[in-house]
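Trainee: Have a peek at start-v9.tsv (TSV, C-alpha atoms and all ligand atoms).
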```tsv
chain	number	residue	atom	x	y	z
N	1	MET	CA	-20.47	4.82	10.13
N	2	SER	CA	-20.95	7.20	7.30
N	3	TYR	CA	-18.14	8.19	5.01
N	4	THR	CA	-18.12	9.17	1.38
N	5	GLN	CA	-17.06	6.01	-0.45
N	6	LEU	CA	-16.79	5.44	-4.17
N	7	PRO	CA	-19.20	2.83	-5.58
N	8	ILE	CA	-16.54	1.47	-7.90
N	9	PHE	CA	-14.86	-0.15	-4.88
N	10	ASP	CA	-18.02	-2.00	-3.84
N	11	GLN	CA	-17.42	-5.11	-5.92
N	12	SER	CA	-13.85	-6.05	-5.10
N	13	GLY	CA	-12.26	-3.32	-2.97
N	14	PHE	CA	-9.70	-2.45	-5.64
N	15	VAL	CA	-9.48	-0.75	-9.01
N	16	ILE	CA	-6.79	-1.17	-11.65
N	17	VAL	CA	-6.54	1.75	-14.07
N	18	ASP	CA	-4.57	2.30	-17.25
N	19	SER	CA	-0.84	1.85	-16.86
N	20	TYR	CA	1.42	4.85	-16.86
N	21	GLU	CA	4.29	5.05	-19.32
N	22	GLN	CA	6.80	4.67	-16.53
N	23	GLU	CA	9.85	3.82	-18.55
N	24	ALA	CA	9.78	7.19	-20.31
N	25	ASP	CA	10.51	8.93	-16.99
N	26	PRO	CA	13.81	9.31	-15.15
N	27	ARG	CA	14.29	6.96	-12.19
N	28	GLU	CA	13.80	9.67	-9.59
N	29	TRP	CA	13.42	7.18	-6.77
N	30	GLU	CA	17.07	6.22	-7.04
N	31	ASN	CA	18.07	9.63	-5.65
N	32	LEU	CA	15.45	10.03	-2.93
N	33	VAL	CA	16.29	10.18	0.75
N	34	PHE	CA	15.07	6.97	2.39
N	35	VAL	CA	14.49	6.45	6.07
N	36	ASP	CA	14.44	3.12	7.84
N	37	TRP	CA	10.89	2.24	8.66
N	38	LYS	CA	9.83	-1.16	9.87
N	39	SER	CA	6.90	-2.43	7.88
N	40	SER	CA	5.68	-5.71	6.52
N	41	GLY	CA	8.74	-7.22	4.91
N	42	ASP	CA	12.23	-5.84	4.50
N	43	THR	CA	11.48	-2.22	3.62
N	44	ARG	CA	12.60	1.40	3.61
N	45	PHE	CA	10.56	4.46	2.76
N	46	ALA	CA	11.19	7.84	1.15
N	47	PRO	CA	8.51	10.32	2.25
N	48	LEU	CA	7.20	12.85	-0.26
N	49	ALA	CA	4.45	14.00	2.11
N	50	SER	CA	4.46	13.42	5.87
N	51	ALA	CA	2.33	14.63	8.77
N	52	TYR	CA	4.16	17.94	9.18
N	53	GLY	CA	6.70	17.97	6.37
N	54	ASP	CA	9.55	16.28	8.21
N	55	MET	CA	11.69	13.51	6.76
N	56	GLU	CA	9.86	10.74	8.60
N	57	CYS	CA	7.11	8.19	8.02
N	58	ASP	CA	5.21	7.80	11.26
N	59	GLY	CA	1.41	7.54	11.22
N	60	PHE	CA	-0.20	10.94	11.27
N	61	TRP	CA	-2.01	10.06	14.49
N	62	ASN	CA	1.33	9.62	16.28
N	63	HIS	CA	2.12	13.34	16.06
N	64	THR	CA	1.27	16.35	18.15
N	65	PRO	CA	-1.34	17.36	17.39
N	66	PRO	CA	-2.52	14.01	15.98
N	67	LYS	CA	-4.32	14.03	12.66
N	68	THR	CA	-5.96	11.61	10.27
N	69	ASP	CA	-4.28	10.48	7.06
N	70	LYS	CA	-5.12	13.69	5.18
N	71	ASP	CA	-3.52	17.08	4.64
N	72	GLY	CA	-0.03	15.68	4.26
N	73	VAL	CA	2.73	18.28	4.14
N	74	TRP	CA	5.26	18.02	1.32
N	75	VAL	CA	8.78	17.07	2.29
N	76	GLN	CA	10.67	19.66	0.34
N	77	GLN	CA	13.98	17.84	0.06
N	78	ASN	CA	12.40	14.80	-1.60
N	79	VAL	CA	9.92	16.85	-3.63
N	80	ASP	CA	12.89	18.68	-5.14
N	81	ILE	CA	14.49	15.35	-6.06
N	82	ALA	CA	11.28	13.81	-7.46
N	83	PRO	CA	9.16	16.48	-9.16
N	84	ILE	CA	7.56	14.01	-11.58
N	85	LEU	CA	6.48	11.61	-8.84
N	86	THR	CA	5.12	14.57	-6.88
N	87	ARG	CA	3.23	15.82	-9.90
N	88	ARG	CA	1.72	12.39	-10.49
N	89	ALA	CA	0.53	12.18	-6.88
N	90	ARG	CA	-0.99	15.65	-7.04
N	91	GLU	CA	-2.54	15.14	-10.47
N	92	VAL	CA	-5.48	13.27	-8.92
N	93	GLY	CA	-6.56	16.47	-7.19
N	94	ALA	CA	-7.91	14.73	-4.07
N	95	ASN	CA	-6.73	15.46	-0.55
N	96	ILE	CA	-3.45	13.60	0.06
N	97	GLY	CA	-2.25	12.16	3.34
N	98	ARG	CA	0.86	10.04	3.38
N	99	CYS	CA	2.77	9.91	0.11
N	100	ARG	CA	5.98	7.95	-0.13
N	101	VAL	CA	8.09	5.60	-2.17
N	102	ILE	CA	8.52	2.14	-0.70
N	103	GLU	CA	11.60	0.01	-1.29
N	104	LEU	CA	10.85	-3.68	-0.86
N	105	GLN	CA	13.52	-6.37	-0.88
N	106	PRO	CA	12.77	-9.72	-2.55
N	107	ASN	CA	10.65	-12.21	-0.64
N	108	THR	CA	8.73	-15.45	-1.07
N	109	TYR	CA	5.03	-16.17	-1.53
N	110	ALA	CA	4.92	-17.53	2.01
N	111	ASP	CA	6.56	-14.31	3.29
N	112	ALA	CA	3.94	-12.24	1.51
N	113	ILE	CA	1.07	-14.26	2.93
N	114	TYR	CA	2.58	-13.83	6.38
N	115	ASN	CA	2.85	-10.09	5.71
N	116	LEU	CA	-0.82	-9.71	4.73
N	117	HIS	CA	-2.43	-6.93	6.76
N	118	ARG	CA	-5.08	-4.27	6.62
N	119	ASP	CA	-4.26	-0.59	7.07
N	120	ASP	CA	-5.76	1.78	9.58
N	121	ASN	CA	-6.09	4.66	7.15
N	122	ASN	CA	-9.23	6.11	8.64
N	123	ARG	CA	-8.18	6.47	12.25
N	124	LEU	CA	-9.37	9.90	13.45
N	125	ASN	CA	-11.12	10.46	10.11
N	126	PRO	CA	-14.31	12.43	10.86
N	127	GLU	CA	-17.52	10.76	9.76
N	128	GLY	CA	-19.20	12.60	6.95
N	129	THR	CA	-15.90	13.07	5.11
N	130	GLY	CA	-14.22	10.93	2.46
N	131	TRP	CA	-12.99	7.38	3.17
N	132	ILE	CA	-9.24	7.13	2.70
N	133	VAL	CA	-7.89	4.67	0.13
N	134	ARG	CA	-4.41	4.18	-1.27
N	135	SER	CA	-2.92	4.20	-4.73
N	136	PHE	CA	0.07	2.07	-5.68
N	137	TYR	CA	2.07	3.12	-8.74
N	138	ASN	CA	4.69	0.52	-9.55
N	139	LEU	CA	7.95	2.19	-10.54
N	140	THR	CA	10.32	-0.69	-11.24
N	141	ASP	CA	9.39	-3.33	-13.80
N	142	ASN	CA	8.31	-6.36	-11.76
N	143	PRO	CA	5.97	-8.33	-14.02
N	144	ASP	CA	6.48	-11.49	-11.96
N	145	SER	CA	5.72	-9.72	-8.67
N	146	MET	CA	2.17	-9.60	-7.37
N	147	MET	CA	0.07	-7.40	-5.17
N	148	ILE	CA	-1.75	-10.05	-3.18
N	149	LEU	CA	-5.23	-9.08	-2.00
N	150	ARG	CA	-7.59	-11.08	0.18
N	151	GLU	CA	-10.97	-10.36	1.71
N	152	ASP	CA	-10.36	-13.12	4.25
N	153	LEU	CA	-6.87	-13.35	5.72
N	154	ASP	CA	-6.69	-17.14	5.91
N	155	ASP	CA	-8.78	-18.08	2.88
N	156	PRO	CA	-6.82	-18.43	-0.39
N	157	SER	CA	-10.07	-18.69	-2.34
N	158	THR	CA	-10.55	-14.96	-1.73
N	159	GLU	CA	-7.10	-14.15	-3.13
N	160	VAL	CA	-6.46	-11.89	-6.13
N	161	ARG	CA	-2.93	-11.47	-7.52
N	162	VAL	CA	-2.28	-8.26	-9.42
N	163	PRO	CA	0.92	-8.29	-11.54
N	164	LEU	CA	3.23	-5.31	-11.09
N	165	PRO	CA	5.00	-4.36	-14.31
N	166	ALA	CA	6.42	-0.84	-14.53
N	167	GLY	CA	3.61	1.70	-14.67
N	168	ALA	CA	0.93	-0.51	-13.08
N	169	GLN	CA	-1.57	1.67	-11.19
N	170	VAL	CA	-3.86	0.16	-8.58
N	171	VAL	CA	-6.10	1.93	-6.08
N	172	ILE	CA	-7.01	-0.20	-3.08
N	173	ASP	CA	-9.28	0.12	-0.09
N	174	THR	CA	-6.47	-1.10	2.13
N	175	GLN	CA	-8.61	-0.89	5.24
N	176	ARG	CA	-10.98	-3.43	3.72
N	177	LEU	CA	-8.58	-5.79	1.93
N	178	TYR	CA	-5.66	-7.67	3.39
N	179	HIS	CA	-2.70	-6.87	1.18
N	180	ALA	CA	1.02	-7.49	0.73
N	181	VAL	CA	3.42	-7.78	-2.18
N	182	TRP	CA	5.10	-10.98	-3.28
N	183	HIS	CA	8.33	-9.89	-4.92
N	184	PRO	CA	10.45	-12.81	-6.14
N	185	GLY	CA	13.01	-10.68	-7.97
N	186	ASN	CA	16.68	-10.22	-7.14
N	187	GLN	CA	16.59	-6.41	-6.93
N	188	PRO	CA	14.46	-4.18	-4.72
N	189	ARG	CA	11.02	-3.13	-5.93
N	190	TYR	CA	10.00	0.52	-5.78
N	191	CYS	CA	6.44	1.81	-5.68
N	192	LEU	CA	4.79	5.18	-5.03
N	193	ILE	CA	2.06	4.85	-2.39
N	194	THR	CA	-0.36	7.71	-1.77
N	195	SER	CA	-3.32	8.06	0.60
N	196	TYR	CA	-6.28	9.83	-1.01
N	197	GLU	CA	-9.60	11.02	0.32
N	198	SER	CA	-12.51	9.52	-1.60
N	199	GLY	CA	-14.60	12.13	-3.38
N	200	PRO	CA	-15.36	13.55	-6.81
N	201	GLU	CA	-11.71	14.24	-7.65
N	202	LEU	CA	-10.59	10.65	-7.13
N	203	GLU	CA	-13.72	9.34	-8.81
N	204	ALA	CA	-13.04	11.46	-11.89
N	205	TRP	CA	-9.40	10.42	-12.05
N	206	ILE	CA	-10.35	6.73	-11.89
N	207	SER	CA	-13.30	6.92	-14.27
N	208	THR	CA	-11.23	8.46	-17.08
N	209	ARG	CA	-8.63	5.67	-16.94
N	210	ASN	CA	-10.59	2.56	-17.95
N	211	PRO	CA	-11.04	1.11	-14.47
N	212	VAL	CA	-11.10	-2.65	-13.98
N	213	THR	CA	-12.37	-4.19	-10.75
N	214	VAL	CA	-12.14	-7.90	-11.52
N	215	ILE	CA	-9.19	-9.76	-12.99
N	216	GLU	CA	-8.13	-13.33	-13.41
N	217	SER	CA	-5.07	-13.91	-11.26
N	218	PRO	CA	-1.98	-15.36	-12.94
N	219	PHE	CA	-1.89	-19.11	-12.44
N	220	MET	CA	-0.16	-20.52	-9.40
N	221	ASP	CA	0.32	-24.15	-8.47
N	222	PRO	CA	-2.37	-24.92	-5.86
N	223	ALA	CA	0.22	-26.86	-3.86
N	224	GLU	CA	2.45	-23.77	-3.66
N	225	ILE	CA	-0.52	-21.70	-2.48
N	226	ALA	CA	-1.41	-24.29	0.14
N	227	GLN	CA	2.21	-24.50	1.36
N	228	GLY	CA	2.52	-20.73	1.59
N	229	ASN	CA	-0.75	-20.43	3.39
N	230	GLU	CA	0.12	-23.12	5.90
N	231	SER	CA	3.55	-21.62	6.55
N	232	ALA	CA	2.06	-18.18	7.15
N	233	MET	CA	-0.70	-19.49	9.41
N	234	ASN	CA	1.85	-21.43	11.47
N	235	LYS	CA	4.07	-18.35	11.82
N	236	ARG	CA	1.09	-16.23	12.81
N	237	ALA	CA	0.07	-18.77	15.41
N	238	ALA	CA	3.62	-18.82	16.80
N	239	ARG	CA	3.68	-15.03	16.92
N	240	ALA	CA	0.34	-14.92	18.71
N	241	ALA	CA	1.57	-17.48	21.23
N	242	ALA	CA	4.78	-15.52	21.83
N	243	ARG	CA	2.75	-12.37	22.39
N	244	ALA	CA	0.43	-14.15	24.77
N	245	GLU	CA	3.42	-15.27	26.82
N	246	SER	CA	4.88	-11.80	26.89
N	247	SER	CA	3.47	-9.46	29.49
N	248	SER	CA	4.67	-6.37	27.65
N	249	GLY	CA	1.67	-6.12	25.37
N	250	SER	CA	3.70	-3.89	23.13
N	251	GLY	CA	3.63	-5.87	19.92
N	252	SER	CA	0.38	-4.66	18.45
N	253	SER	CA	1.41	-1.54	16.59
N	254	MET	CA	2.90	-3.22	13.50
N	255	GLU	CA	-0.32	-3.78	11.71
N	256	VAL	CA	-1.38	-0.17	11.62
N	257	LEU	CA	2.01	0.95	10.33
N	258	SER	CA	2.34	-1.56	7.57
N	259	GLU	CA	2.58	-0.81	3.90
N	260	ALA	CA	2.71	-2.89	0.82
N	301	FE	FE	-0.66	-1.62	4.03
```
Please, can you express the file's structure as structure tokens?
Ligand SMILES: [Fe+2]
Mentor:
Amino acid sequence: MSYTQLPIFDQSGFVIVDSYEQEADPREWENLVFVDWKSSGDTRFAPLASAYGDMECDGFWNHTPPKTDKDGVWVQQNVDIAPILTRRAREVGANIGRCRVIELQPNTYADAIYNLHRDDNNRLNPEGTGWIVRSFYNLTDNPDSMMILREDLDDPSTEVRVPLPAGAQVVIDTQRLYHAVWHPGNQPRYCLITSYESGPELEAWISTRNPVTVIESPFMDPAEIAQGNESAMNKRAARAAARAESSSGSGSSMEVLSEA
């Protein structure tokens, strides 16, 4: 497999760049049009760019004609409501696929571990072009919430927890890393998620923003980690057993649709 990939992702699969001064901006996301979209956790989404510009969030490959997660078409109604978010997404200059604001309701650490998944960003992506990664710009101020990343789904020793205060900006190879957000707040969390094609534009945007690829995760009680991990593994096992008993075979599409 040969795609253009950025070397800065080699070490950890993610890059944290300088925070954006989020609180100076209006809260555009409060006025966006959201659509119900089942993902990992209790979520809704407001599309800024979709496969063909409609107010919907389906994977680009589920359209006619199908396409990879590039060349997203701006959803005019939401772009008009959120010009600053749109400008921030476009500022990178790389090819954009899906671009949307996620609304995530509060959850527990165990929920987040259960929700861990990898994306399928590069389905239909032609070899020889840029590998698709995703940026996450936290909009609400959630310093106690964490983007949880793991190389190995069931192994907590591979876990990194990235705090999500307002303005946090993280770019993640979400097809490599399992990811989900632990959001213990009492209000929904909002985040702008954009799919970008790897290439010189994204590389330049990252390199001028003091990129960091290794962090020390905020402390968590090892017992809480172990409990959350065990709970999630038990739920996953129960889900797998339920699927095995079902003859429908229709339960496998969640993972590729999931967001964080
Ligand atoms: Fe995801």
Trainee: Using all atoms listed in the file, which residues sit within 12 Å of Val73 of chain N once same-chain residues fewer than 5 positions away are excluded, as a list in words?
Mentor: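 Contacts, with the query itself left out: Pro47, Leu48, Ala49, Ser50, Ala51, Tyr52, Gly53, Asp54, Met55, Glu56, Cys57, Phe60, Lys67, Asn78, Val79, Thr86, Asn95, Ile96, Gly97, Arg98, Cys99 and Arg100 of chain N.
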Trainee: Give me, as a CSV table (one decimal) with C-alpha atoms, in the coordinates of the input, all polymer residues having an atom no more than 6 Å from His183 of chain N, counting all atoms listed in the file and skipping those fewer than 6 positions away in the same chain.
Mentor:
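Listing of around-v2.csv after writing:
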```
chain,number,residue,atom,x,y,z
N,106,PRO,CA,12.8,-9.7,-2.6
N,107,ASN,CA,10.6,-12.2,-0.6
N,145,SER,CA,5.7,-9.7,-8.7
```
Trainee: In terms of the shortest atom-to-atom distance over only C-alpha atoms, which of N:Asp119, N:Glu30, N:Asp221, N:Asp69 is closest to His179 of chain N?
Mentor: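 Checking each of N:Asp119, N:Glu30, N:Asp221, N:Asp69 against His179 of chain N, counting only C-alpha atoms, the winner is N:Asp119.
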Trainee: Within 6 Å of (10.6, -10.1, -11.2) (coordinates as in the file), grab all the protein and nucleic acid residues, counting only C-alpha atoms, and write them out as JSON, numbers by chain.
Mentor: {"N": [142, 143, 144, 145, 184, 185]}
Trainee: Could you give me, as a count of residues only, the residues within 12 Å of Gln11 of chain N, counting all atoms listed in the file and dropping anything in the same chain fewer than 4 positions from it?
Mentor: 12
